[in-house]
file protein.txt (compact mmCIF, C-alpha atoms and all ligand atoms)
# COMPACT_ATOMS: atom_id res chain seq x y z
CA MET Q 14 166.24 152.05 167.81
CA GLU Q 15 164.68 148.70 168.49
CA ILE Q 16 168.06 146.99 168.25
CA ALA Q 17 169.74 149.31 170.74
CA LYS Q 18 166.82 148.86 173.11
CA ASN Q 19 166.90 145.06 172.87
CA LEU Q 20 170.62 145.03 173.39
CA LEU Q 21 170.54 147.19 176.50
CA GLU Q 22 167.71 145.12 177.91
CA ILE Q 23 169.77 141.93 177.58
CA LYS Q 24 172.96 143.54 178.88
CA LYS Q 25 171.14 144.77 181.97
CA GLY Q 26 170.54 141.17 183.03
CA LEU Q 27 174.08 139.89 182.44
CA PRO Q 28 176.08 138.97 185.51
CA ALA Q 29 179.76 139.98 185.61
CA GLY Q 30 181.81 137.43 183.73
CA VAL Q 31 179.21 136.64 181.07
CA GLN Q 32 179.99 137.97 177.62
CA LEU Q 33 177.33 138.70 175.02
CA VAL Q 34 178.04 137.65 171.44
CA ALA Q 35 175.56 139.46 169.19
CA VAL Q 36 174.71 136.98 166.44
CA SER Q 37 174.32 139.09 163.30
CA LYS Q 38 174.10 136.34 160.65
CA THR Q 39 171.86 137.28 157.69
CA LYS Q 40 171.51 140.84 159.07
CA PRO Q 41 172.64 143.91 157.10
CA ASN Q 42 175.51 146.21 158.08
CA ALA Q 43 173.05 148.91 159.13
CA ALA Q 44 171.66 146.63 161.84
CA ILE Q 45 175.16 145.76 163.05
CA LEU Q 46 176.09 149.45 163.14
CA GLU Q 47 173.07 150.21 165.26
CA ALA Q 48 174.26 147.66 167.81
CA TYR Q 49 177.81 148.99 167.47
CA GLU Q 50 176.69 152.51 168.21
CA ALA Q 51 174.91 151.21 171.30
CA GLY Q 52 178.29 149.92 172.49
CA GLN Q 53 178.36 146.32 171.28
CA ARG Q 54 181.75 145.18 169.94
CA VAL Q 55 181.47 141.38 169.79
CA PHE Q 56 179.54 139.85 166.89
CA GLY Q 57 179.03 136.27 165.72
CA GLU Q 58 178.55 134.94 162.19
CA ASN Q 59 178.10 131.41 160.89
CA LYS Q 60 179.08 131.74 157.21
CA VAL Q 61 182.70 132.42 156.38
CA GLN Q 62 182.03 134.45 153.24
CA GLU Q 63 179.48 136.67 154.98
CA LEU Q 64 181.84 137.09 157.91
CA ALA Q 65 184.77 138.13 155.69
CA GLN Q 66 182.64 140.63 153.81
CA LYS Q 67 181.29 142.21 156.99
CA TYR Q 68 184.80 142.37 158.41
CA GLU Q 69 185.91 144.36 155.35
CA GLU Q 70 183.01 146.77 155.49
CA LEU Q 71 182.57 147.44 159.20
CA PRO Q 72 184.65 149.16 161.93
CA LYS Q 73 187.94 147.43 162.63
CA ASP Q 74 187.55 147.35 166.39
CA ILE Q 75 184.76 144.80 166.11
CA GLU Q 76 185.69 141.42 167.56
CA TRP Q 77 184.38 138.74 165.18
CA HIS Q 78 183.44 135.27 166.39
CA PHE Q 79 182.73 132.38 164.08
CA ILE Q 80 179.90 130.26 165.46
CA GLY Q 81 178.96 127.99 162.57
CA HIS Q 82 180.02 124.63 161.26
CA LEU Q 83 183.44 125.18 159.74
CA GLN Q 84 184.97 123.45 156.74
CA SER Q 85 188.75 123.23 156.62
CA ASN Q 86 189.01 124.84 153.19
CA LYS Q 87 187.30 128.02 154.46
CA VAL Q 88 189.57 128.69 157.44
CA LYS Q 89 192.03 130.79 155.42
CA TYR Q 90 189.45 133.48 154.67
CA MET Q 91 189.02 134.42 158.32
CA ALA Q 92 192.39 133.45 159.79
CA PRO Q 93 193.75 137.02 159.47
CA PHE Q 94 191.17 138.53 161.79
CA VAL Q 95 188.80 136.09 163.55
CA SER Q 96 189.05 136.37 167.32
CA LEU Q 97 187.27 133.20 168.46
CA ILE Q 98 186.09 130.09 166.61
CA HIS Q 99 183.30 128.46 168.62
CA GLY Q 100 182.63 125.27 166.73
CA VAL Q 101 185.76 123.13 166.50
CA ASP Q 102 184.94 119.44 166.39
CA SER Q 103 187.97 117.63 164.98
CA LEU Q 104 191.74 117.43 165.20
CA LYS Q 105 191.95 117.85 161.44
CA LEU Q 106 190.16 121.19 161.67
CA LEU Q 107 192.37 122.32 164.56
CA LYS Q 108 195.45 121.49 162.53
CA THR Q 109 194.19 123.56 159.62
CA ILE Q 110 193.38 126.48 161.92
CA ASN Q 111 196.86 126.19 163.40
CA LYS Q 112 198.48 126.25 159.97
CA GLU Q 113 196.48 129.27 158.78
CA ALA Q 114 197.04 131.10 162.08
CA ALA Q 115 200.79 130.54 161.74
CA LYS Q 116 200.76 131.97 158.20
CA ASN Q 117 199.21 135.10 159.69
CA LYS Q 118 201.60 135.10 162.66
CA ARG Q 119 198.65 134.83 165.02
CA THR Q 120 197.27 132.58 167.70
CA ILE Q 121 193.60 131.80 167.17
CA ARG Q 122 191.42 131.01 170.15
CA CYS Q 123 189.07 128.04 169.65
CA LEU Q 124 186.29 126.35 171.59
CA LEU Q 125 185.66 122.62 171.34
CA GLN Q 126 182.08 121.97 170.32
CA PHE Q 127 180.19 119.21 172.10
CA HIS Q 128 177.11 117.36 171.04
CA ILE Q 129 174.79 117.77 174.03
CA ALA Q 130 171.37 117.86 172.32
CA GLU Q 131 169.04 115.00 171.55
CA GLU Q 132 168.85 115.99 167.89
CA SER Q 133 171.30 114.02 165.80
CA THR Q 134 171.50 116.90 163.32
CA LYS Q 135 173.63 118.97 165.65
CA PHE Q 136 177.41 118.81 165.40
CA GLY Q 137 179.99 118.22 168.06
CA LEU Q 138 182.31 115.89 169.89
CA SER Q 139 181.48 113.46 172.65
CA GLU Q 140 183.46 113.70 175.86
CA GLU Q 141 185.28 110.48 174.96
CA GLU Q 142 186.28 111.80 171.54
CA ALA Q 143 187.62 114.98 173.07
CA MET Q 144 189.64 113.05 175.63
CA GLU Q 145 191.08 110.83 172.94
CA MET Q 146 192.09 113.92 171.00
CA LEU Q 147 193.67 115.57 174.03
CA ASP Q 148 195.34 112.37 175.29
CA SER Q 149 197.24 112.14 172.03
CA GLY Q 150 199.04 115.37 172.92
CA GLU Q 151 198.68 116.56 169.34
CA VAL Q 152 196.32 119.36 170.29
CA GLN Q 153 198.62 120.73 172.96
CA ALA Q 154 201.48 120.67 170.44
CA LEU Q 155 199.73 123.14 168.12
CA GLU Q 156 201.48 126.42 168.75
CA ASN Q 157 199.10 128.78 166.98
CA VAL Q 158 195.80 127.70 168.47
CA GLU Q 159 194.67 128.19 172.02
CA ILE Q 160 191.88 125.99 173.36
CA ALA Q 161 189.79 128.52 175.26
CA GLY Q 162 186.92 126.31 176.43
CA VAL Q 163 183.79 124.53 175.23
CA MET Q 164 180.64 125.28 173.27
CA GLY Q 165 177.32 123.54 172.82
CA MET Q 166 173.71 123.92 171.71
CA ALA Q 167 170.79 122.50 173.64
CA THR Q 168 167.84 120.70 172.08
CA TYR Q 169 165.25 122.97 170.50
CA THR Q 170 162.38 122.30 172.89
CA ASP Q 171 160.03 123.95 175.38
CA ASP Q 172 161.10 121.47 178.02
CA GLU Q 173 163.18 123.57 180.39
CA ASN Q 174 164.38 120.57 182.35
CA GLN Q 175 165.74 118.98 179.23
CA ILE Q 176 167.62 122.16 178.28
CA ARG Q 177 168.96 122.59 181.81
CA LYS Q 178 170.13 118.98 181.88
CA GLU Q 179 172.04 119.43 178.62
CA PHE Q 180 173.72 122.64 179.76
CA ARG Q 181 174.71 120.85 182.94
CA VAL Q 182 176.30 118.11 180.86
CA LEU Q 183 178.37 120.72 179.02
CA HIS Q 184 179.45 122.35 182.26
CA ASN Q 185 180.52 118.95 183.60
CA ILE Q 186 182.52 118.25 180.44
CA PHE Q 187 184.19 121.63 180.85
CA SER Q 188 185.15 120.85 184.44
CA ALA Q 189 186.44 117.38 183.57
CA LEU Q 190 188.63 118.70 180.75
CA LYS Q 191 189.82 121.60 182.85
CA ASN Q 192 190.93 119.26 185.64
CA ARG Q 193 192.52 116.72 183.40
CA TYR Q 194 194.24 118.80 180.73
CA PHE Q 195 194.06 122.50 181.49
CA ALA Q 196 194.40 122.76 185.27
CA THR Q 197 197.27 125.21 184.93
CA SER Q 198 195.95 127.04 181.89
CA GLY Q 199 194.35 130.40 182.50
CA SER Q 200 193.05 130.48 178.95
CA PHE Q 201 190.74 127.44 179.18
CA ARG Q 202 187.83 129.27 180.80
CA GLU Q 203 184.89 129.75 178.46
CA ILE Q 204 181.58 127.90 178.38
CA SER Q 205 179.73 129.17 175.31
CA MET Q 206 176.08 128.20 175.77
CA GLY Q 207 172.73 129.94 175.53
CA MET Q 208 170.80 131.49 172.62
CA SER Q 209 167.75 133.79 172.42
CA ASP Q 210 165.32 131.22 173.80
CA ASP Q 211 167.45 129.59 176.46
CA TYR Q 212 170.19 131.97 177.61
CA PRO Q 213 168.66 132.66 181.06
CA ILE Q 214 168.86 128.93 181.81
CA ALA Q 215 172.38 128.77 180.36
CA MET Q 216 173.54 131.58 182.65
CA GLU Q 217 172.10 129.78 185.66
CA GLU Q 218 174.09 126.72 184.60
CA GLY Q 219 177.39 128.57 184.37
CA SER Q 220 177.62 129.98 180.86
CA THR Q 221 180.38 132.54 180.34
CA MET Q 222 179.35 133.45 176.82
CA ILE Q 223 175.85 133.69 175.38
CA ARG Q 224 175.20 133.85 171.63
CA VAL Q 225 172.07 135.87 171.02
CA GLY Q 226 170.67 136.77 167.60
CA SER Q 227 166.93 137.14 167.12
CA LYS Q 228 166.35 138.67 170.57
CA ILE Q 229 168.55 141.56 169.47
CA PHE Q 230 168.03 141.85 165.73
CA GLY Q 231 164.56 140.36 165.29
CA GLU Q 232 163.59 137.14 163.53
CA ARG Q 233 165.68 136.06 160.56
CA ASN Q 234 163.98 135.56 157.21
CA TYR Q 235 165.74 132.30 156.68
CA GLN Q 236 167.41 129.88 159.04
CA HIS Q 237 171.01 128.78 158.75
C1 LIG Q 301 172.00 131.39 164.96
C2 LIG Q 301 172.80 130.93 166.10
C3 LIG Q 301 172.67 131.51 167.37
C4 LIG Q 301 171.66 132.61 167.69
O1 LIG Q 301 170.37 132.14 167.57
P1 LIG Q 301 169.11 132.99 168.13
O2 LIG Q 301 168.11 131.95 168.46
O3 LIG Q 301 168.70 133.87 167.01
O4 LIG Q 301 169.56 133.74 169.31
C5 LIG Q 301 173.50 131.05 168.39
N1 LIG Q 301 174.39 130.07 168.18
C6 LIG Q 301 174.55 129.49 166.99
C7 LIG Q 301 175.56 128.42 166.84
C8 LIG Q 301 173.77 129.89 165.91
O5 LIG Q 301 173.93 129.29 164.73

call {"tool": "encode", "arguments": {"input": "protein.txt", "output": "structure tokens", "more": "lines below"}}
Ligand SMILES: *Cc1c(COP(=O)(O)O)cnc(C)c1O
result
Amino acid sequence: MEIAKNLLEIKKGLPAGVQLVAVSKTKPNAAILEAYEAGQRVFGENKVQELAQKYEELPKDIEWHFIGHLQSNKVKYMAPFVSLIHGVDSLKLLKTINKEAAKNKRTIRCLLQFHIAEESTKFGLSEEEAMEMLDSGEVQALENVEIAGVMGMATYTDDENQIRKEFRVLHNIFSALKNRYFATSGSFREISMGMSDDYPIAMEEGSTMIRVGSKIFGERNYQH
């Protein structure tokens, strides 16, 4: 009951155009089903094996997003069903996703992940790296991936100004890439930013997709 209540509470505050990804990593199927029965259909996981297992066991109309750091050799396990990969940070990875998507006769939507936080432990491209990748034309030539936007994680801090500044950086990167490479593409439109502790700020800064876990499902026993 708690899960359904949390979920509805969050959904109440979502403006039109912002999608909620319920981050269910480490949580059992029963918890996911409770959210499902309350109407949630979009879930995010950050471990490929856990994602594939949950896909097998849970209702097939769930839309699964991969939000973790992805290794090329794991792409094949989710290529048949994943609907959005949030954390793409290299051309090599995009090429692998393209190959595996083609094998499954699919197009897989991907977000480019940017490093916007102060912490060096977080993954992601710089704006320059992304431009280099896109200038080469190799990304646009991949027929089975669709670049759907950008994703980033802010610094883990209580300093709201810092968080806001980082989300603003991501929004600016989105706009720059949109203008330069995707001006005519309707599919480049997502800004995935905001987690349990900072999603209200992210929405104020233009997020189109928030990834919320503990605020829905409760604290996790271990951190990924
Ligand atoms: C775990 C995780 C989340 C959700 O975190 P909460 O703080 O529990 O909301 C969002 N995004 C990514 C990339 C994550 O790994």

call {"tool": "closest_residue", "arguments": {"input": "protein.txt", "among": "Q:Val34, Q:Met208, Q:Met164, Q:Leu107", "to": "Gln53 in chain Q", "atoms": "only C-alpha atoms"}}
result
Q:Val34

call {"tool": "closest_atom_pairs", "arguments": {"input": "protein.txt", "of": "chain Q", "to": "ligand LIG 301 (chain Q)", "cutoff": "9 Å", "atoms": "only C-alpha atoms and all ligand atoms", "output": "JSON lines"}}
result
{"residue": "Q:Val34", "atom": "CA", "partner": "Q:LIG301", "partner_atom": "C5", "distance": 8.6}
{"residue": "Q:Ala35", "atom": "CA", "partner": "Q:LIG301", "partner_atom": "C4", "distance": 8.0}
{"residue": "Q:Val36", "atom": "CA", "partner": "Q:LIG301", "partner_atom": "C4", "distance": 5.5}
{"residue": "Q:Ser37", "atom": "CA", "partner": "Q:LIG301", "partner_atom": "C1", "distance": 8.2}
{"residue": "Q:Lys38", "atom": "CA", "partner": "Q:LIG301", "partner_atom": "C1", "distance": 6.9}
{"residue": "Q:Gly57", "atom": "CA", "partner": "Q:LIG301", "partner_atom": "C5", "distance": 8.1}
{"residue": "Q:Glu58", "atom": "CA", "partner": "Q:LIG301", "partner_atom": "O5", "distance": 7.7}
{"residue": "Q:Asn59", "atom": "CA", "partner": "Q:LIG301", "partner_atom": "O5", "distance": 6.1}
{"residue": "Q:Phe79", "atom": "CA", "partner": "Q:LIG301", "partner_atom": "C7", "distance": 8.6}
{"residue": "Q:Ile80", "atom": "CA", "partner": "Q:LIG301", "partner_atom": "C7", "distance": 4.9}
{"residue": "Q:Gly81", "atom": "CA", "partner": "Q:LIG301", "partner_atom": "C7", "distance": 5.5}
{"residue": "Q:His82", "atom": "CA", "partner": "Q:LIG301", "partner_atom": "C7", "distance": 8.1}
{"residue": "Q:His99", "atom": "CA", "partner": "Q:LIG301", "partner_atom": "C7", "distance": 7.9}
{"residue": "Q:Gly100", "atom": "CA", "partner": "Q:LIG301", "partner_atom": "C7", "distance": 7.7}
{"residue": "Q:Met164", "atom": "CA", "partner": "Q:LIG301", "partner_atom": "C7", "distance": 8.8}
{"residue": "Q:Gly165", "atom": "CA", "partner": "Q:LIG301", "partner_atom": "C7", "distance": 7.9}
{"residue": "Q:Met166", "atom": "CA", "partner": "Q:LIG301", "partner_atom": "C7", "distance": 6.9}
{"residue": "Q:Ser205", "atom": "CA", "partner": "Q:LIG301", "partner_atom": "N1", "distance": 9.0}
{"residue": "Q:Met206", "atom": "CA", "partner": "Q:LIG301", "partner_atom": "N1", "distance": 8.0}
{"residue": "Q:Gly207", "atom": "CA", "partner": "Q:LIG301", "partner_atom": "C5", "distance": 7.3}
{"residue": "Q:Met208", "atom": "CA", "partner": "Q:LIG301", "partner_atom": "O4", "distance": 4.2}
{"residue": "Q:Ser209", "atom": "CA", "partner": "Q:LIG301", "partner_atom": "O4", "distance": 3.6}
{"residue": "Q:Asp210", "atom": "CA", "partner": "Q:LIG301", "partner_atom": "O2", "distance": 6.1}
{"residue": "Q:Asp211", "atom": "CA", "partner": "Q:LIG301", "partner_atom": "O2", "distance": 8.4}
{"residue": "Q:Tyr212", "atom": "CA", "partner": "Q:LIG301", "partner_atom": "O4", "distance": 8.5}
{"residue": "Q:Ile223", "atom": "CA", "partner": "Q:LIG301", "partner_atom": "C5", "distance": 7.8}
{"residue": "Q:Arg224", "atom": "CA", "partner": "Q:LIG301", "partner_atom": "C5", "distance": 4.6}
{"residue": "Q:Val225", "atom": "CA", "partner": "Q:LIG301", "partner_atom": "O4", "distance": 3.7}
{"residue": "Q:Gly226", "atom": "CA", "partner": "Q:LIG301", "partner_atom": "O3", "distance": 3.6}
{"residue": "Q:Ser227", "atom": "CA", "partner": "Q:LIG301", "partner_atom": "O3", "distance": 3.7}
{"residue": "Q:Lys228", "atom": "CA", "partner": "Q:LIG301", "partner_atom": "O4", "distance": 6.0}
{"residue": "Q:Ile229", "atom": "CA", "partner": "Q:LIG301", "partner_atom": "O4", "distance": 7.9}
{"residue": "Q:Phe230", "atom": "CA", "partner": "Q:LIG301", "partner_atom": "O3", "distance": 8.1}
{"residue": "Q:Gly231", "atom": "CA", "partner": "Q:LIG301", "partner_atom": "O3", "distance": 7.9}
{"residue": "Q:Glu232", "atom": "CA", "partner": "Q:LIG301", "partner_atom": "O3", "distance": 7.0}
{"residue": "Q:Arg233", "atom": "CA", "partner": "Q:LIG301", "partner_atom": "O3", "distance": 7.5}
{"residue": "Q:Gln236", "atom": "CA", "partner": "Q:LIG301", "partner_atom": "C1", "distance": 7.6}
{"residue": "Q:His237", "atom": "CA", "partner": "Q:LIG301", "partner_atom": "O5", "distance": 6.7}

call {"tool": "residues_around", "arguments": {"input": "protein.txt", "residues": "Thr170 in chain Q", "least_positions_apart": "4", "cutoff": "12 Å", "atoms": "only C-alpha atoms", "output": "PDB file with C-alpha atoms, keeping the file's coordinate frame"}}
result
ATOM      1  CA  ALA Q 130     171.370 117.860 172.320  1.00  0.00           C
ATOM      2  CA  GLU Q 131     169.040 115.000 171.550  1.00  0.00           C
ATOM      3  CA  GLU Q 132     168.850 115.990 167.890  1.00  0.00           C
ATOM      4  CA  MET Q 166     173.710 123.920 171.710  1.00  0.00           C
ATOM      5  CA  ASN Q 174     164.380 120.570 182.350  1.00  0.00           C
ATOM      6  CA  GLN Q 175     165.740 118.980 179.230  1.00  0.00           C
ATOM      7  CA  ILE Q 176     167.620 122.160 178.280  1.00  0.00           C
ATOM      8  CA  ARG Q 177     168.960 122.590 181.810  1.00  0.00           C
ATOM      9  CA  GLU Q 179     172.040 119.430 178.620  1.00  0.00           C
ATOM     10  CA  ASP Q 210     165.320 131.220 173.800  1.00  0.00           C
ATOM     11  CA  ASP Q 211     167.450 129.590 176.460  1.00  0.00           C
TER      12      ASP Q 211
END

call {"tool": "residues_around", "arguments": {"input": "protein.txt", "residues": "Ser188 in chain Q", "least_positions_apart": "4", "cutoff": "12 Å", "atoms": "all atoms listed in the file", "output": "list in words"}}
result
Glu140, Gly162, Val163, Arg181, Val182, Leu183, His184, Asn192, Arg193, Tyr194, Phe195, Ala196, Phe201, Arg202, Glu203, Ile204 and Gly219 of chain Q

call {"tool": "closest_residue", "arguments": {"input": "protein.txt", "among": "Q:Lys60, Q:Lys108, Q:Lys67, Q:Lys178", "to": "Pro41 in chain Q", "atoms": "only C-alpha atoms"}}
result
Q:Lys67

call {"tool": "atom_distance", "arguments": {"input": "protein.txt", "atom1": "CA of Leu138 in chain Q", "atom2": "CA of Asp102 in chain Q"}}
result
5.6 Å

call {"tool": "residues_around", "arguments": {"input": "protein.txt", "residues": "Tyr90 in chain Q", "least_positions_apart": "6", "cutoff": "10 Å", "atoms": "all atoms listed in the file", "output": "list in words"}}
result
Val61, Gln62, Leu64, Ala65, Gln66 and Glu113 of chain Q

call {"tool": "atom_distance", "arguments": {"input": "protein.txt", "atom1": "CA of Ala161 in chain Q", "atom2": "CA of Asn86 in chain Q"}}
result
22.4 Å

call {"tool": "atom_distance", "arguments": {"input": "protein.txt", "atom1": "CA of Ala115 in chain Q", "atom2": "CA of Val55 in chain Q"}}
result
23.6 Å

call {"tool": "residues_around", "arguments": {"input": "protein.txt", "residues": "Leu46 in chain Q", "least_positions_apart": "5", "cutoff": "10 Å", "atoms": "all atoms listed in the file", "output": "ChimeraX atom specification"}}
result
/Q:16-17,41,51-54,71-72

call {"tool": "closest_residue", "arguments": {"input": "protein.txt", "among": "Q:Ala92, Q:Asp172, Q:Leu104, Q:Asn234", "to": "Ser149 in chain Q", "atoms": "all atoms listed in the file"}}
result
Q:Leu104

call {"tool": "residues_around", "arguments": {"input": "protein.txt", "residues": "Ala29 in chain Q", "least_positions_apart": "6", "cutoff": "12 Å", "atoms": "all atoms listed in the file", "output": "PDB file with C-alpha atoms, in the coordinates of the input"}}
result
ATOM      1  CA  MET Q 216     173.540 131.580 182.650  1.00  0.00           C
ATOM      2  CA  GLY Q 219     177.390 128.570 184.370  1.00  0.00           C
ATOM      3  CA  SER Q 220     177.620 129.980 180.860  1.00  0.00           C
ATOM      4  CA  THR Q 221     180.380 132.540 180.340  1.00  0.00           C
ATOM      5  CA  MET Q 222     179.350 133.450 176.820  1.00  0.00           C
TER       6      MET Q 222
END

call {"tool": "closest_residue", "arguments": {"input": "protein.txt", "among": "Q:Cys123, Q:Leu33, Q:Leu155, Q:Ile129", "to": "Val95 in chain Q", "atoms": "all atoms listed in the file"}}
result
Q:Cys123

call {"tool": "closest_residue", "arguments": {"input": "protein.txt", "among": "Q:Val158, Q:Val152, Q:Met144, Q:Ile186", "to": "Thr120 in chain Q", "atoms": "only C-alpha atoms"}}
result
Q:Val158

call {"tool": "axis_aligned_box", "arguments": {"input": "protein.txt", "around": "range 77-92 of chain Q", "padding_each_side": "6 Å", "output": "AutoDock Vina command-line options"}}
result
--center_x 185.7 --center_y 131.0 --center_z 159.8 --size_x 25.4 --size_y 27.5 --size_z 25.2

call {"tool": "closest_residue", "arguments": {"input": "protein.txt", "among": "Q:Asn111, Q:Glu173, Q:Ser198, Q:His78", "to": "Glu156 in chain Q", "atoms": "only C-alpha atoms"}}
result
Q:Asn111

call {"tool": "build_atoms", "arguments": {"input": "protein.txt", "residues": "range 211-219 of chain Q", "atoms": "all heavy atoms", "output": "PDB file, in the coordinates of the input"}}
result
ATOM      1  N   ASP Q 211     167.052 130.349 175.269  1.00  0.00           N
ATOM      2  CA  ASP Q 211     167.450 129.590 176.460  1.00  0.00           C
ATOM      3  C   ASP Q 211     168.607 130.202 177.244  1.00  0.00           C
ATOM      4  O   ASP Q 211     169.122 129.587 178.170  1.00  0.00           O
ATOM      5  CB  ASP Q 211     167.764 128.133 176.074  1.00  0.00           C
ATOM      6  CG  ASP Q 211     168.853 128.005 175.023  1.00  0.00           C
ATOM      7  OD1 ASP Q 211     169.632 128.962 174.845  1.00  0.00           O
ATOM      8  OD2 ASP Q 211     168.921 126.940 174.375  1.00  0.00           O
ATOM      9  N   TYR Q 212     168.999 131.447 176.916  1.00  0.00           N
ATOM     10  CA  TYR Q 212     170.190 131.970 177.610  1.00  0.00           C
ATOM     11  C   TYR Q 212     169.998 132.208 179.110  1.00  0.00           C
ATOM     12  O   TYR Q 212     170.971 132.059 179.872  1.00  0.00           O
ATOM     13  CB  TYR Q 212     170.757 133.210 176.885  1.00  0.00           C
ATOM     14  CG  TYR Q 212     169.981 134.489 177.070  1.00  0.00           C
ATOM     15  CD1 TYR Q 212     170.231 135.318 178.157  1.00  0.00           C
ATOM     16  CD2 TYR Q 212     169.013 134.878 176.152  1.00  0.00           C
ATOM     17  CE1 TYR Q 212     169.519 136.498 178.332  1.00  0.00           C
ATOM     18  CE2 TYR Q 212     168.292 136.051 176.323  1.00  0.00           C
ATOM     19  CZ  TYR Q 212     168.541 136.852 177.414  1.00  0.00           C
ATOM     20  OH  TYR Q 212     167.841 138.005 177.590  1.00  0.00           O
ATOM     21  N   PRO Q 213     168.773 132.529 179.594  1.00  0.00           N
ATOM     22  CA  PRO Q 213     168.660 132.660 181.060  1.00  0.00           C
ATOM     23  C   PRO Q 213     168.988 131.346 181.783  1.00  0.00           C
ATOM     24  O   PRO Q 213     169.653 131.355 182.821  1.00  0.00           O
ATOM     25  CB  PRO Q 213     167.196 133.069 181.265  1.00  0.00           C
ATOM     26  CG  PRO Q 213     166.799 133.739 179.982  1.00  0.00           C
ATOM     27  CD  PRO Q 213     167.508 132.923 178.917  1.00  0.00           C
ATOM     28  N   ILE Q 214     168.545 130.229 181.197  1.00  0.00           N
ATOM     29  CA  ILE Q 214     168.860 128.930 181.810  1.00  0.00           C
ATOM     30  C   ILE Q 214     170.367 128.672 181.717  1.00  0.00           C
ATOM     31  O   ILE Q 214     171.002 128.211 182.664  1.00  0.00           O
ATOM     32  CB  ILE Q 214     168.108 127.779 181.080  1.00  0.00           C
ATOM     33  CG1 ILE Q 214     166.604 128.070 181.041  1.00  0.00           C
ATOM     34  CG2 ILE Q 214     168.386 126.440 181.743  1.00  0.00           C
ATOM     35  CD1 ILE Q 214     165.814 127.049 180.230  1.00  0.00           C
ATOM     36  N   ALA Q 215     170.942 129.000 180.552  1.00  0.00           N
ATOM     37  CA  ALA Q 215     172.380 128.770 180.360  1.00  0.00           C
ATOM     38  C   ALA Q 215     173.200 129.544 181.391  1.00  0.00           C
ATOM     39  O   ALA Q 215     174.174 129.025 181.938  1.00  0.00           O
ATOM     40  CB  ALA Q 215     172.784 129.188 178.938  1.00  0.00           C
ATOM     41  N   MET Q 216     172.789 130.777 181.675  1.00  0.00           N
ATOM     42  CA  MET Q 216     173.540 131.580 182.650  1.00  0.00           C
ATOM     43  C   MET Q 216     173.425 130.963 184.044  1.00  0.00           C
ATOM     44  O   MET Q 216     174.398 130.932 184.796  1.00  0.00           O
ATOM     45  CB  MET Q 216     173.049 133.016 182.634  1.00  0.00           C
ATOM     46  CG  MET Q 216     173.420 133.708 181.325  1.00  0.00           C
ATOM     47  SD  MET Q 216     173.289 135.513 181.343  1.00  0.00           S
ATOM     48  CE  MET Q 216     171.642 135.758 181.914  1.00  0.00           C
ATOM     49  N   GLU Q 217     172.242 130.441 184.354  1.00  0.00           N
ATOM     50  CA  GLU Q 217     172.100 129.780 185.660  1.00  0.00           C
ATOM     51  C   GLU Q 217     172.985 128.540 185.758  1.00  0.00           C
ATOM     52  O   GLU Q 217     173.404 128.152 186.838  1.00  0.00           O
ATOM     53  CB  GLU Q 217     170.637 129.355 185.880  1.00  0.00           C
ATOM     54  CG  GLU Q 217     169.716 130.515 186.205  1.00  0.00           C
ATOM     55  CD  GLU Q 217     168.225 130.139 186.153  1.00  0.00           C
ATOM     56  OE1 GLU Q 217     167.905 128.923 186.075  1.00  0.00           O
ATOM     57  OE2 GLU Q 217     167.400 131.055 186.167  1.00  0.00           O
ATOM     58  N   GLU Q 218     173.279 127.946 184.601  1.00  0.00           N
ATOM     59  CA  GLU Q 218     174.090 126.720 184.600  1.00  0.00           C
ATOM     60  C   GLU Q 218     175.569 126.996 184.331  1.00  0.00           C
ATOM     61  O   GLU Q 218     176.328 126.092 184.020  1.00  0.00           O
ATOM     62  CB  GLU Q 218     173.526 125.714 183.592  1.00  0.00           C
ATOM     63  CG  GLU Q 218     172.127 125.208 183.947  1.00  0.00           C
ATOM     64  CD  GLU Q 218     172.049 124.586 185.343  1.00  0.00           C
ATOM     65  OE1 GLU Q 218     173.049 124.005 185.806  1.00  0.00           O
ATOM     66  OE2 GLU Q 218     170.978 124.692 185.985  1.00  0.00           O
ATOM     67  N   GLY Q 219     175.966 128.261 184.397  1.00  0.00           N
ATOM     68  CA  GLY Q 219     177.390 128.570 184.370  1.00  0.00           C
ATOM     69  C   GLY Q 219     177.967 129.051 183.048  1.00  0.00           C
ATOM     70  O   GLY Q 219     179.191 129.059 182.874  1.00  0.00           O
TER      71      GLY Q 219
END
